[in-house]
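J.: To be precise about what I am sending: the file is called model.txt and holds compact mmCIF, C-alpha atoms and all ligand atoms.
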# COMPACT_ATOMS: atom_id res chain seq x y z
CA MET A 255 -3.28 6.48 -19.40
CA CYS A 256 -5.21 7.03 -16.31
CA THR A 257 -8.17 5.39 -14.66
CA ALA A 258 -10.64 6.91 -12.19
CA ALA A 259 -13.26 5.01 -10.19
CA THR A 260 -15.79 5.35 -7.41
CA TYR A 261 -16.60 2.77 -4.75
CA GLN A 262 -19.55 2.59 -2.42
CA THR A 263 -19.69 0.57 0.77
CA LYS A 264 -21.07 2.16 3.94
CA GLY A 265 -18.90 5.09 2.90
CA PHE A 266 -18.21 6.67 -0.46
CA TYR A 267 -14.76 6.57 -2.03
CA MET A 268 -13.31 8.01 -5.20
CA GLY A 269 -9.81 7.89 -6.62
CA ARG A 270 -7.64 7.36 -9.65
CA THR A 271 -4.40 6.15 -11.06
CA LEU A 272 -2.29 8.82 -12.71
CA ASP A 273 -0.24 7.23 -15.45
CA TYR A 274 2.39 9.27 -17.24
CA GLU A 275 6.05 9.31 -18.14
CA PHE A 276 6.96 12.24 -15.88
CA SER A 277 5.57 14.14 -12.91
CA TYR A 278 4.61 17.82 -12.95
CA GLY A 279 5.51 18.00 -9.25
CA ASP A 280 2.40 16.78 -7.46
CA GLU A 281 1.44 17.56 -3.87
CA ILE A 282 -1.56 16.65 -1.75
CA THR A 283 -3.11 20.05 -1.36
CA VAL A 284 -5.81 21.23 1.03
CA THR A 285 -7.65 24.38 -0.01
CA PRO A 286 -9.42 25.88 3.02
CA ARG A 287 -12.76 27.68 2.91
CA ASN A 288 -11.38 31.20 2.80
CA TYR A 289 -8.67 30.80 0.17
CA GLU A 290 -9.55 33.28 -2.57
CA PHE A 291 -10.11 31.67 -5.96
CA GLN A 292 -9.70 34.24 -8.72
CA PHE A 293 -11.48 32.78 -11.71
CA ARG A 294 -10.28 34.02 -15.10
CA HIS A 295 -13.71 35.00 -16.39
CA MET A 296 -15.96 34.75 -13.33
CA GLY A 297 -14.43 37.07 -10.73
CA SER A 298 -13.31 35.81 -7.36
CA VAL A 299 -14.86 33.53 -4.74
CA SER A 300 -13.41 33.95 -1.27
CA SER A 301 -15.75 31.81 0.82
CA HIS A 302 -16.51 28.28 -0.35
CA TYR A 303 -16.31 24.57 0.48
CA ALA A 304 -12.89 23.26 1.45
CA MET A 305 -11.27 20.56 -0.70
CA ILE A 306 -8.39 18.10 -0.70
CA GLY A 307 -6.68 16.52 -3.67
CA MET A 308 -3.62 16.09 -5.81
CA ALA A 309 -2.40 19.30 -7.42
CA HIS A 310 0.54 20.99 -8.99
CA VAL A 311 0.74 24.31 -7.16
CA ALA A 312 1.88 27.12 -9.46
CA GLY A 313 2.33 30.57 -7.92
CA ASP A 314 0.07 29.64 -4.98
CA TYR A 315 -2.68 28.38 -7.31
CA PRO A 316 -3.77 24.71 -6.87
CA LEU A 317 -3.96 23.12 -10.31
CA TYR A 318 -5.95 20.07 -9.22
CA TYR A 319 -5.80 16.75 -11.07
CA ASP A 320 -8.38 15.17 -8.74
CA ALA A 321 -10.01 16.35 -5.53
CA MET A 322 -12.95 15.94 -3.16
CA ASN A 323 -14.70 18.65 -1.18
CA GLU A 324 -15.86 18.57 2.42
CA LYS A 325 -19.38 17.58 1.27
CA GLY A 326 -18.15 14.41 -0.44
CA LEU A 327 -18.36 15.58 -4.05
CA GLY A 328 -15.31 14.45 -6.04
CA MET A 329 -13.78 15.13 -9.45
CA ALA A 330 -10.92 13.76 -11.52
CA GLY A 331 -9.44 14.99 -14.82
CA LEU A 332 -8.03 12.44 -17.27
CA ASN A 333 -6.39 12.80 -20.66
CA PHE A 334 -8.74 13.02 -23.62
CA VAL A 335 -6.18 13.80 -26.28
CA GLY A 336 -7.42 14.37 -29.80
CA ASN A 337 -11.04 14.64 -28.66
CA ALA A 338 -11.12 17.54 -26.18
CA VAL A 339 -12.07 20.80 -27.89
CA PHE A 340 -12.91 23.65 -25.54
CA GLN A 341 -15.53 26.33 -26.15
CA GLU A 342 -15.17 30.00 -27.05
CA VAL A 343 -15.87 32.61 -24.37
CA ASP A 344 -19.58 33.48 -24.46
CA ASP A 345 -20.68 36.41 -22.32
CA THR A 346 -24.16 34.96 -21.79
CA ARG A 347 -22.77 31.93 -19.92
CA ASN A 348 -20.45 31.04 -17.01
CA ASN A 349 -17.05 30.80 -18.69
CA VAL A 350 -14.76 28.44 -16.81
CA ALA A 351 -11.20 27.68 -17.93
CA GLN A 352 -10.27 24.02 -18.13
CA PHE A 353 -7.59 24.33 -15.39
CA GLU A 354 -10.13 25.84 -12.92
CA PHE A 355 -12.99 23.42 -13.63
CA ILE A 356 -12.35 21.27 -10.53
CA PRO A 357 -12.29 24.21 -8.06
CA TRP A 358 -15.24 25.86 -9.85
CA ILE A 359 -17.48 22.87 -9.18
CA LEU A 360 -16.08 21.71 -5.85
CA CYS A 361 -16.05 25.11 -4.21
CA GLN A 362 -19.76 25.73 -4.91
CA CYS A 363 -21.55 22.37 -5.11
CA ALA A 364 -22.39 20.06 -2.23
CA THR A 365 -23.95 17.34 -4.39
CA LEU A 366 -23.95 15.89 -7.90
CA GLU A 367 -27.42 17.39 -8.36
CA GLU A 368 -26.05 20.87 -7.65
CA ALA A 369 -23.12 20.21 -10.00
CA LYS A 370 -25.59 19.34 -12.79
CA LYS A 371 -27.30 22.71 -12.34
CA LEU A 372 -24.01 24.60 -12.47
CA LEU A 373 -22.91 22.60 -15.53
CA SER A 374 -26.06 23.59 -17.39
CA ARG A 375 -24.95 27.23 -17.27
CA MET A 376 -21.27 26.58 -17.90
CA ASN A 377 -19.07 27.16 -20.91
CA LEU A 378 -15.78 25.24 -20.65
CA VAL A 379 -13.13 27.39 -22.30
CA GLY A 380 -9.52 26.79 -23.32
CA THR A 381 -7.95 29.84 -21.62
CA PRO A 382 -4.46 28.58 -20.65
CA PHE A 383 -3.10 28.90 -17.11
CA SER A 384 0.23 30.26 -18.38
CA PRO A 385 2.48 29.94 -21.45
CA GLN A 386 4.50 27.31 -19.53
CA LEU A 387 1.35 25.33 -18.59
CA PRO A 388 -0.87 25.35 -21.68
CA THR A 389 -4.39 23.96 -21.86
CA ALA A 390 -4.51 20.23 -21.12
CA GLN A 391 -6.85 18.04 -23.19
CA LEU A 392 -8.92 16.33 -20.52
CA HIS A 393 -12.33 14.92 -19.70
CA TRP A 394 -13.72 14.49 -16.18
CA LEU A 395 -15.50 12.18 -13.78
CA ILE A 396 -17.70 13.96 -11.22
CA ALA A 397 -19.25 11.85 -8.48
CA ASP A 398 -20.77 11.62 -5.04
CA LYS A 399 -22.54 8.84 -3.15
CA THR A 400 -25.61 9.22 -5.39
CA GLY A 401 -23.86 8.55 -8.72
CA SER A 402 -21.41 9.73 -11.37
CA LEU A 403 -21.24 11.98 -14.42
CA THR A 404 -18.76 12.16 -17.27
CA VAL A 405 -18.08 15.59 -18.77
CA GLU A 406 -16.55 15.78 -22.26
CA CYS A 407 -16.11 18.98 -24.25
CA MET A 408 -15.75 18.14 -27.93
CA ALA A 409 -15.93 19.81 -31.33
CA ASP A 410 -19.73 19.34 -31.26
CA GLY A 411 -20.15 20.87 -27.79
CA LEU A 412 -20.30 19.93 -24.13
CA HIS A 413 -21.48 16.39 -23.35
CA ILE A 414 -22.68 15.47 -19.89
CA TYR A 415 -23.31 11.75 -19.54
CA ASP A 416 -24.75 9.86 -16.62
CA ASN A 417 -22.06 7.32 -15.80
CA PRO A 418 -23.69 4.18 -14.39
CA VAL A 419 -20.33 2.39 -14.12
CA GLY A 420 -18.55 5.02 -12.02
CA VAL A 421 -15.37 4.55 -14.04
CA LEU A 422 -13.45 6.69 -16.52
CA THR A 423 -10.28 6.05 -18.53
CA ASN A 424 -9.14 7.95 -21.65
CA ASN A 425 -10.12 7.62 -25.33
CA PRO A 426 -12.46 6.91 -27.04
CA PRO A 427 -15.39 9.16 -25.99
CA PHE A 428 -17.48 7.89 -23.09
CA ASP A 429 -20.56 6.81 -25.08
CA LYS A 430 -18.35 4.42 -27.06
CA GLN A 431 -16.67 3.08 -23.92
CA LEU A 432 -20.07 2.34 -22.42
CA PHE A 433 -21.34 0.67 -25.58
CA HIS A 434 -18.20 -1.48 -25.74
CA LEU A 435 -19.27 -3.18 -22.49
CA ASN A 436 -21.98 -4.97 -24.49
CA ASP A 437 -19.21 -7.09 -25.97
CA PHE A 438 -18.37 -8.42 -22.52
CA MET A 439 -21.80 -9.13 -21.04
CA HIS A 440 -21.03 -12.86 -20.98
CA LEU A 441 -18.16 -12.39 -18.45
CA SER A 442 -18.83 -13.65 -14.97
CA PRO A 443 -17.06 -14.19 -11.66
CA LYS A 444 -18.75 -17.61 -11.58
CA GLN A 445 -17.36 -20.73 -13.26
CA PRO A 446 -18.71 -21.08 -16.84
CA GLU A 447 -21.15 -23.76 -17.97
CA ASN A 448 -20.67 -25.51 -21.28
CA THR A 449 -23.04 -23.72 -23.65
CA PHE A 450 -20.64 -24.21 -26.56
CA SER A 451 -22.03 -27.60 -27.55
CA GLN A 452 -23.70 -30.51 -25.79
CA ASP A 453 -21.79 -32.80 -28.13
CA LEU A 454 -18.51 -31.93 -26.42
CA ASN A 455 -17.42 -32.67 -22.89
CA LEU A 456 -16.00 -29.19 -22.15
CA GLN A 457 -14.98 -28.45 -18.57
CA SER A 458 -13.66 -25.63 -16.40
CA TYR A 459 -10.09 -26.73 -15.69
CA SER A 460 -9.09 -23.60 -13.82
CA ARG A 461 -10.63 -21.09 -11.43
CA GLY A 462 -11.40 -17.70 -12.98
CA MET A 463 -12.53 -19.03 -16.36
CA GLY A 464 -15.80 -17.08 -16.14
CA ALA A 465 -13.83 -13.95 -16.98
CA LEU A 466 -11.90 -15.46 -19.90
CA GLY A 467 -11.87 -12.73 -22.53
CA LEU A 468 -11.47 -9.85 -20.10
CA PRO A 469 -8.92 -7.67 -21.91
CA GLY A 470 -5.54 -7.64 -20.23
CA ASP A 471 -3.68 -4.95 -22.15
CA LEU A 472 -3.03 -1.34 -21.11
CA SER A 473 -5.07 0.48 -23.76
CA SER A 474 -7.68 2.80 -22.31
CA ALA A 475 -10.56 0.88 -23.90
CA SER A 476 -9.30 -2.35 -22.30
CA ARG A 477 -8.66 -0.73 -18.93
CA PHE A 478 -12.21 0.61 -18.96
CA VAL A 479 -13.65 -2.88 -19.33
CA ARG A 480 -11.22 -4.45 -16.86
CA VAL A 481 -11.71 -1.93 -14.09
CA ALA A 482 -15.49 -1.91 -14.64
CA PHE A 483 -15.62 -5.70 -14.27
CA THR A 484 -13.39 -5.60 -11.20
CA LYS A 485 -15.27 -2.77 -9.53
CA LEU A 486 -18.77 -4.04 -10.25
CA ASN A 487 -17.94 -7.50 -8.91
CA SER A 488 -15.98 -6.26 -5.91
CA ARG A 489 -16.91 -7.48 -2.46
CA SER A 490 -15.50 -6.03 0.73
CA GLY A 491 -16.36 -5.21 4.31
CA ASN A 492 -17.86 -1.83 5.14
CA SER A 493 -15.23 -0.38 7.42
CA GLU A 494 -12.96 2.43 6.23
CA ASN A 495 -9.89 0.19 6.19
CA GLU A 496 -11.62 -2.69 4.40
CA SER A 497 -13.13 -0.33 1.82
CA VAL A 498 -9.89 1.54 1.17
CA SER A 499 -7.95 -1.70 0.93
CA GLN A 500 -10.42 -3.06 -1.64
CA PHE A 501 -10.37 0.20 -3.56
CA PHE A 502 -6.61 -0.07 -4.07
CA HIS A 503 -7.12 -3.65 -5.29
CA ILE A 504 -9.69 -2.41 -7.83
CA LEU A 505 -7.29 0.16 -9.25
CA GLY A 506 -4.49 -2.40 -8.96
CA SER A 507 -6.21 -4.21 -11.85
CA VAL A 508 -5.06 -1.38 -14.17
CA ASP A 509 -1.67 -0.66 -12.63
CA GLN A 510 0.99 0.18 -15.19
CA GLN A 511 4.47 -1.29 -14.73
CA ARG A 512 7.59 0.43 -16.08
CA GLY A 513 8.59 -1.16 -19.35
CA CYS A 514 5.21 -2.25 -20.70
CA CYS A 515 4.08 0.99 -22.37
CA GLU A 516 6.80 2.78 -24.32
CA VAL A 517 5.76 6.33 -25.25
CA ALA A 518 9.08 7.45 -26.77
CA ASN A 519 12.42 5.83 -27.26
CA GLY A 520 13.32 4.45 -23.82
CA LYS A 521 10.52 6.39 -22.08
CA TYR A 522 7.76 4.50 -20.35
CA GLU A 523 4.40 5.45 -18.94
CA ILE A 524 3.94 4.17 -15.37
CA THR A 525 1.37 4.57 -12.61
CA LEU A 526 2.94 7.56 -10.87
CA TYR A 527 0.39 7.49 -8.06
CA THR A 528 -2.87 5.81 -7.06
CA SER A 529 -5.29 7.69 -4.83
CA CYS A 530 -8.46 7.05 -2.86
CA CYS A 531 -10.38 9.82 -1.11
CA SER A 532 -12.92 9.01 1.57
CA ALA A 533 -16.01 11.23 1.69
CA ASP A 534 -16.76 10.47 5.35
CA THR A 535 -13.32 10.93 6.86
CA GLY A 536 -11.87 13.52 4.44
CA ILE A 537 -8.71 11.42 4.15
CA TYR A 538 -6.79 11.35 0.87
CA TYR A 539 -4.93 8.02 0.76
CA TYR A 540 -2.28 7.33 -1.83
CA THR A 541 0.56 5.10 -2.99
CA THR A 542 3.26 6.03 -5.48
CA TYR A 543 5.16 3.94 -8.00
CA GLU A 544 8.07 3.74 -5.58
CA ASN A 545 6.07 3.51 -2.35
CA HIS A 546 3.46 0.79 -1.92
CA GLN A 547 2.66 1.67 1.67
CA LEU A 548 -0.57 3.63 2.05
CA SER A 549 0.01 7.22 3.14
CA GLY A 550 -2.81 9.60 4.04
CA VAL A 551 -3.59 13.27 4.57
CA ASN A 552 -6.68 14.15 6.60
CA MET A 553 -8.25 17.44 5.58
CA TYR A 554 -9.95 17.78 8.97
CA ARG A 555 -6.55 17.98 10.67
CA GLU A 556 -5.98 21.30 8.87
CA ASN A 557 -7.54 24.65 9.67
CA LEU A 558 -10.35 24.57 7.12
CA ASP A 559 -11.35 28.13 8.03
CA GLY A 560 -7.97 29.44 6.96
CA ASP A 561 -7.08 31.22 3.72
CA THR A 562 -3.81 29.59 2.68
CA LEU A 563 -3.08 26.29 0.99
CA THR A 564 -1.55 23.40 2.91
CA ARG A 565 0.73 21.21 0.80
CA TYR A 566 2.20 17.78 1.46
CA PRO A 567 4.92 16.47 -0.86
CA LEU A 568 4.48 12.82 -1.80
CA ILE A 569 6.34 10.30 0.32
CA ASN A 570 8.43 8.33 -2.13
CA GLY A 571 10.67 5.32 -1.73
CA GLU A 572 9.43 2.01 -0.32
CA GLN A 573 8.56 2.07 3.39
CA ILE A 574 9.22 -1.53 4.36
CA HIS A 575 7.82 -2.70 7.65
CA MET A 576 10.46 -5.24 8.74
CA GLN A 577 9.16 -7.88 11.11
CA ASN A 578 12.40 -9.11 12.60
C1 LIG A 601 -1.04 14.09 -17.60
C2 LIG A 601 -2.27 13.97 -16.69
C3 LIG A 601 -3.22 12.95 -17.28
C4 LIG A 601 -2.60 11.58 -17.27
C5 LIG A 601 -3.30 10.74 -18.26
O1 LIG A 601 -4.50 10.76 -18.46
N1 LIG A 601 -2.50 9.96 -18.96
C6 LIG A 601 -3.00 9.17 -20.04
C7 LIG A 601 -2.03 9.19 -21.18
S1 LIG A 601 -2.86 8.85 -22.63
O2 LIG A 601 -3.70 9.99 -22.98
O3 LIG A 601 -3.65 7.66 -22.49
O4 LIG A 601 -1.83 8.69 -23.61
C8 LIG A 601 -3.04 15.29 -16.54
C9 LIG A 601 -4.17 15.13 -15.49
C10 LIG A 601 -4.35 16.49 -14.83
C11 LIG A 601 -3.46 17.42 -15.66
C12 LIG A 601 -3.01 18.73 -15.01
C13 LIG A 601 -4.23 19.53 -14.54
O5 LIG A 601 -5.20 19.67 -15.57
C14 LIG A 601 -3.82 20.92 -14.03
C15 LIG A 601 -2.90 21.70 -14.99
C16 LIG A 601 -3.69 22.24 -16.17
C17 LIG A 601 -2.78 23.06 -17.10
O6 LIG A 601 -3.55 23.49 -18.19
C18 LIG A 601 -1.62 22.19 -17.58
C19 LIG A 601 -0.83 21.67 -16.41
C20 LIG A 601 -1.69 20.87 -15.41
C21 LIG A 601 -0.76 20.66 -14.19
C22 LIG A 601 -2.16 19.52 -16.01
C23 LIG A 601 -0.95 18.67 -16.46
C24 LIG A 601 -1.40 17.30 -17.04
O7 LIG A 601 -2.12 17.50 -18.22
C25 LIG A 601 -2.27 16.52 -16.02
C26 LIG A 601 -1.38 16.15 -14.83
How does this structure look as structure tokens?
T.:
Amino acid sequence: MCTAATYQTKGFYMGRTLDYEFSYGDEITVTPRNYEFQFRHMGSVSSHYAMIGMAHVAGDYPLYYDAMNEKGLGMAGLNFVGNAVFQEVDDTRNNVAQFEFIPWILCQCATLEEAKKLLSRMNLVGTPFSPQLPTAQLHWLIADKTGSLTVECMADGLHIYDNPVGVLTNNPPFDKQLFHLNDFMHLSPKQPENTFSQDLNLQSYSRGMGALGLPGDLSSASRFVRVAFTKLNSRSGNSENESVSQFFHILGSVDQQRGCCEVANGKYEITLYTSCCSADTGIYYYTTYENHQLSGVNMYRENLDGDTLTRYPLINGEQIHMQN
């Protein structure tokens, strides 16, 4: 399971949890403006917006899981297993392979509006990266400070939904996730009033009872509701540090601990990393399962006019700040 979310204070932030039972070998990867992207069906683009994000780099190619470009447009890919069906190559449209979807959008679009235009001409195809790295079944969140979109390619075609929540998890399809929120419209951060019956003397005996019924399990449908409630009721200061700190608390509401989600005998899905990218500062902040301290990579400290990738391996292992 995975969860992606946006957060708006004075700045714009976007990030995700990546939950899985193993790592593909992830690195924070900066792609500078002159790195040549060779698209499988669309030729090459050698001058474009720079981007930073989490990627598995295979043969010098950044296979991004989530990233943000220098204009503050972000994208994240999350599992959509059993529902993702990619399109056939169609010579009348822009054919983009699933593994190059993030660079395709982020290298050309400065805004969500521009992304919408590019999406209207796009065909998302299942061309695999390599026999060792076959096509992943994903759906995507695309966002900037003006809003969010969900992109889902299914047996009945490409769906592009406005996403008023700014949150994405996994199955079921996004329209069902959004509809499911109707079931929780009574939840509130305020203490509840007794509307059950005037004949009974019912009372709030604990703080937090306004959100009784918020699902607590790790299923993607429950995480969608939980992170939506947490995000939409979040309050924080406007500074970068206050916003980033709050963002990690929002995604902390769907953190996955080893042992609670068994995916095979003795194998457990865990939150391998949690990320938050800041549109204003170009910093990609992250924690890993083994390292709760925030680490960061600032894209503007790299030569963004270069043509080679810069890669930072994840810092793992707890960094404990001893005070005595
Ligand atoms: C496994 C990751 C998604 C995690 C997730 O959503 N878990 C939920 C589990 S469940 O459904 O709810 O069961 C996805 C997100 C991005 C994916 C990677 C990116 O798409 C980039 C390439 C794409 C290649 O086709 C396959 C390797 C790969 C390197 C992908 C491996 C894997 O599928 C990743 C890492």
J.: Hey, what's within 8 Å of region 352-364 of chain A if we count all atoms listed in the file and toss same-chain stuff fewer than 3 positions away? As JSON, numbers by chain, please?
T.: {"A": [293, 302, 303, 304, 305, 317, 318, 319, 320, 321, 322, 323, 325, 326, 327, 328, 329, 330, 340, 368, 369, 372, 378, 379, 380, 381, 382, 383, 389, 390]}
J.: Per residue of chain A within 9 Å of ligand LIG 601 (chain A), what are the shortest atom pair and its distance in Å to one decimal, counting all atoms listed in the file, with rows by chain and residue number, as JSON lines?
T.:
{"residue": "A:Met255", "atom": "CA", "partner": "A:LIG601", "partner_atom": "C6", "distance": 2.8}
{"residue": "A:Cys256", "atom": "CA", "partner": "A:LIG601", "partner_atom": "O1", "distance": 4.4}
{"residue": "A:Thr257", "atom": "CA", "partner": "A:LIG601", "partner_atom": "O1", "distance": 7.5}
{"residue": "A:Thr271", "atom": "CA", "partner": "A:LIG601", "partner_atom": "C4", "distance": 8.4}
{"residue": "A:Leu272", "atom": "CA", "partner": "A:LIG601", "partner_atom": "C4", "distance": 5.3}
{"residue": "A:Asp273", "atom": "CA", "partner": "A:LIG601", "partner_atom": "N1", "distance": 5.0}
{"residue": "A:Tyr274", "atom": "CA", "partner": "A:LIG601", "partner_atom": "N1", "distance": 5.2}
{"residue": "A:Glu275", "atom": "CA", "partner": "A:LIG601", "partner_atom": "C1", "distance": 8.6}
{"residue": "A:Phe276", "atom": "CA", "partner": "A:LIG601", "partner_atom": "C1", "distance": 8.4}
{"residue": "A:Ser277", "atom": "CA", "partner": "A:LIG601", "partner_atom": "C26", "distance": 7.5}
{"residue": "A:Tyr278", "atom": "CA", "partner": "A:LIG601", "partner_atom": "C21", "distance": 6.2}
{"residue": "A:Gly279", "atom": "CA", "partner": "A:LIG601", "partner_atom": "C21", "distance": 8.4}
{"residue": "A:Asp280", "atom": "CA", "partner": "A:LIG601", "partner_atom": "C26", "distance": 8.3}
{"residue": "A:Ala309", "atom": "CA", "partner": "A:LIG601", "partner_atom": "C14", "distance": 7.0}
{"residue": "A:His310", "atom": "CA", "partner": "A:LIG601", "partner_atom": "C21", "distance": 5.4}
{"residue": "A:Val311", "atom": "CA", "partner": "A:LIG601", "partner_atom": "C21", "distance": 8.1}
{"residue": "A:Ala312", "atom": "CA", "partner": "A:LIG601", "partner_atom": "C21", "distance": 8.4}
{"residue": "A:Pro316", "atom": "CA", "partner": "A:LIG601", "partner_atom": "C14", "distance": 8.1}
{"residue": "A:Leu317", "atom": "CA", "partner": "A:LIG601", "partner_atom": "C14", "distance": 4.3}
{"residue": "A:Tyr318", "atom": "CA", "partner": "A:LIG601", "partner_atom": "C14", "distance": 5.3}
{"residue": "A:Tyr319", "atom": "CA", "partner": "A:LIG601", "partner_atom": "C10", "distance": 4.0}
{"residue": "A:Asp320", "atom": "CA", "partner": "A:LIG601", "partner_atom": "C10", "distance": 7.4}
{"residue": "A:Ala330", "atom": "CA", "partner": "A:LIG601", "partner_atom": "C10", "distance": 7.8}
{"residue": "A:Gly331", "atom": "CA", "partner": "A:LIG601", "partner_atom": "C10", "distance": 5.3}
{"residue": "A:Leu332", "atom": "CA", "partner": "A:LIG601", "partner_atom": "O1", "distance": 4.1}
{"residue": "A:Asn333", "atom": "CA", "partner": "A:LIG601", "partner_atom": "O1", "distance": 3.5}
{"residue": "A:Phe334", "atom": "CA", "partner": "A:LIG601", "partner_atom": "O2", "distance": 5.9}
{"residue": "A:Val335", "atom": "CA", "partner": "A:LIG601", "partner_atom": "O2", "distance": 5.6}
{"residue": "A:Gly336", "atom": "CA", "partner": "A:LIG601", "partner_atom": "O2", "distance": 8.9}
{"residue": "A:Ala351", "atom": "CA", "partner": "A:LIG601", "partner_atom": "O6", "distance": 8.7}
{"residue": "A:Gln352", "atom": "CA", "partner": "A:LIG601", "partner_atom": "O6", "distance": 6.7}
{"residue": "A:Phe353", "atom": "CA", "partner": "A:LIG601", "partner_atom": "C16", "distance": 4.5}
{"residue": "A:Glu354", "atom": "CA", "partner": "A:LIG601", "partner_atom": "C16", "distance": 8.1}
{"residue": "A:Phe355", "atom": "CA", "partner": "A:LIG601", "partner_atom": "O5", "distance": 8.9}
{"residue": "A:Ile356", "atom": "CA", "partner": "A:LIG601", "partner_atom": "O5", "distance": 8.9}
{"residue": "A:Gly380", "atom": "CA", "partner": "A:LIG601", "partner_atom": "O6", "distance": 8.5}
{"residue": "A:Thr381", "atom": "CA", "partner": "A:LIG601", "partner_atom": "O6", "distance": 8.5}
{"residue": "A:Pro382", "atom": "CA", "partner": "A:LIG601", "partner_atom": "O6", "distance": 5.7}
{"residue": "A:Phe383", "atom": "CA", "partner": "A:LIG601", "partner_atom": "O6", "distance": 5.5}
{"residue": "A:Ser384", "atom": "CA", "partner": "A:LIG601", "partner_atom": "O6", "distance": 7.8}
{"residue": "A:Gln386", "atom": "CA", "partner": "A:LIG601", "partner_atom": "C18", "distance": 8.2}
{"residue": "A:Leu387", "atom": "CA", "partner": "A:LIG601", "partner_atom": "C18", "distance": 4.4}
{"residue": "A:Pro388", "atom": "CA", "partner": "A:LIG601", "partner_atom": "O6", "distance": 4.8}
{"residue": "A:Thr389", "atom": "CA", "partner": "A:LIG601", "partner_atom": "O6", "distance": 3.8}
{"residue": "A:Ala390", "atom": "CA", "partner": "A:LIG601", "partner_atom": "O6", "distance": 4.5}
{"residue": "A:Gln391", "atom": "CA", "partner": "A:LIG601", "partner_atom": "O7", "distance": 6.9}
{"residue": "A:Leu392", "atom": "CA", "partner": "A:LIG601", "partner_atom": "C9", "distance": 7.0}
{"residue": "A:His393", "atom": "CA", "partner": "A:LIG601", "partner_atom": "O1", "distance": 9.0}
{"residue": "A:Thr423", "atom": "CA", "partner": "A:LIG601", "partner_atom": "O1", "distance": 7.5}
{"residue": "A:Asn424", "atom": "CA", "partner": "A:LIG601", "partner_atom": "O3", "distance": 5.6}
{"residue": "A:Asn425", "atom": "CA", "partner": "A:LIG601", "partner_atom": "O3", "distance": 7.1}
{"residue": "A:Ser473", "atom": "CA", "partner": "A:LIG601", "partner_atom": "O3", "distance": 7.4}
{"residue": "A:Ser474", "atom": "CA", "partner": "A:LIG601", "partner_atom": "O3", "distance": 6.3}
{"residue": "A:Val517", "atom": "CA", "partner": "A:LIG601", "partner_atom": "O4", "distance": 8.1}
{"residue": "A:Glu523", "atom": "CA", "partner": "A:LIG601", "partner_atom": "C7", "distance": 7.8}
J.: Dump C-alpha atoms for the selected residues as a CSV table (one decimal), keeping the file's coordinate frame?
T.:
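This went into selection.csv:
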chain,number,residue,atom,x,y,z
A,255,MET,CA,-3.3,6.5,-19.4
A,256,CYS,CA,-5.2,7.0,-16.3
A,257,THR,CA,-8.2,5.4,-14.7
A,271,THR,CA,-4.4,6.2,-11.1
A,272,LEU,CA,-2.3,8.8,-12.7
A,273,ASP,CA,-0.2,7.2,-15.4
A,274,TYR,CA,2.4,9.3,-17.2
A,275,GLU,CA,6.0,9.3,-18.1
A,276,PHE,CA,7.0,12.2,-15.9
A,277,SER,CA,5.6,14.1,-12.9
A,278,TYR,CA,4.6,17.8,-13.0
A,279,GLY,CA,5.5,18.0,-9.2
A,280,ASP,CA,2.4,16.8,-7.5
A,309,ALA,CA,-2.4,19.3,-7.4
A,310,HIS,CA,0.5,21.0,-9.0
A,311,VAL,CA,0.7,24.3,-7.2
A,312,ALA,CA,1.9,27.1,-9.5
A,316,PRO,CA,-3.8,24.7,-6.9
A,317,LEU,CA,-4.0,23.1,-10.3
A,318,TYR,CA,-6.0,20.1,-9.2
A,319,TYR,CA,-5.8,16.8,-11.1
A,320,ASP,CA,-8.4,15.2,-8.7
A,330,ALA,CA,-10.9,13.8,-11.5
A,331,GLY,CA,-9.4,15.0,-14.8
A,332,LEU,CA,-8.0,12.4,-17.3
A,333,ASN,CA,-6.4,12.8,-20.7
A,334,PHE,CA,-8.7,13.0,-23.6
A,335,VAL,CA,-6.2,13.8,-26.3
A,336,GLY,CA,-7.4,14.4,-29.8
A,351,ALA,CA,-11.2,27.7,-17.9
A,352,GLN,CA,-10.3,24.0,-18.1
A,353,PHE,CA,-7.6,24.3,-15.4
A,354,GLU,CA,-10.1,25.8,-12.9
A,355,PHE,CA,-13.0,23.4,-13.6
A,356,ILE,CA,-12.4,21.3,-10.5
A,380,GLY,CA,-9.5,26.8,-23.3
A,381,THR,CA,-8.0,29.8,-21.6
A,382,PRO,CA,-4.5,28.6,-20.6
A,383,PHE,CA,-3.1,28.9,-17.1
A,384,SER,CA,0.2,30.3,-18.4
A,386,GLN,CA,4.5,27.3,-19.5
A,387,LEU,CA,1.4,25.3,-18.6
A,388,PRO,CA,-0.9,25.4,-21.7
A,389,THR,CA,-4.4,24.0,-21.9
A,390,ALA,CA,-4.5,20.2,-21.1
A,391,GLN,CA,-6.8,18.0,-23.2
A,392,LEU,CA,-8.9,16.3,-20.5
A,393,HIS,CA,-12.3,14.9,-19.7
A,423,THR,CA,-10.3,6.0,-18.5
A,424,ASN,CA,-9.1,8.0,-21.6
A,425,ASN,CA,-10.1,7.6,-25.3
A,473,SER,CA,-5.1,0.5,-23.8
A,474,SER,CA,-7.7,2.8,-22.3
A,517,VAL,CA,5.8,6.3,-25.2
A,523,GLU,CA,4.4,5.4,-18.9
J.: Find the residues near region 454-470 of chain A: any atom within 10 Å, counting only C-alpha atoms, skip ones fewer than 3 places away on the same chain, and give them as a list in words.
T.: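 Using only C-alpha atoms, the neighbours found are Asp437, Phe438, His440, Leu441, Ser442, Pro443, Lys444, Gln445, Pro446, Glu447, Asn448, Thr449, Phe450, Ser451, Ser473, Ala475, Ser476, Arg477, Phe478, Val479, Arg480, Val481, Phe483, Ser507 and Val508 of chain A.
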J.: Can you pull out the residues contacting region 527-533 of chain A? Cut-off 6 Å, using all atoms listed in the file, and skip same-chain residues under 3 positions away; I want them as a VMD selection string.
T.: chain A and resid 266 to 272 326 536 to 543
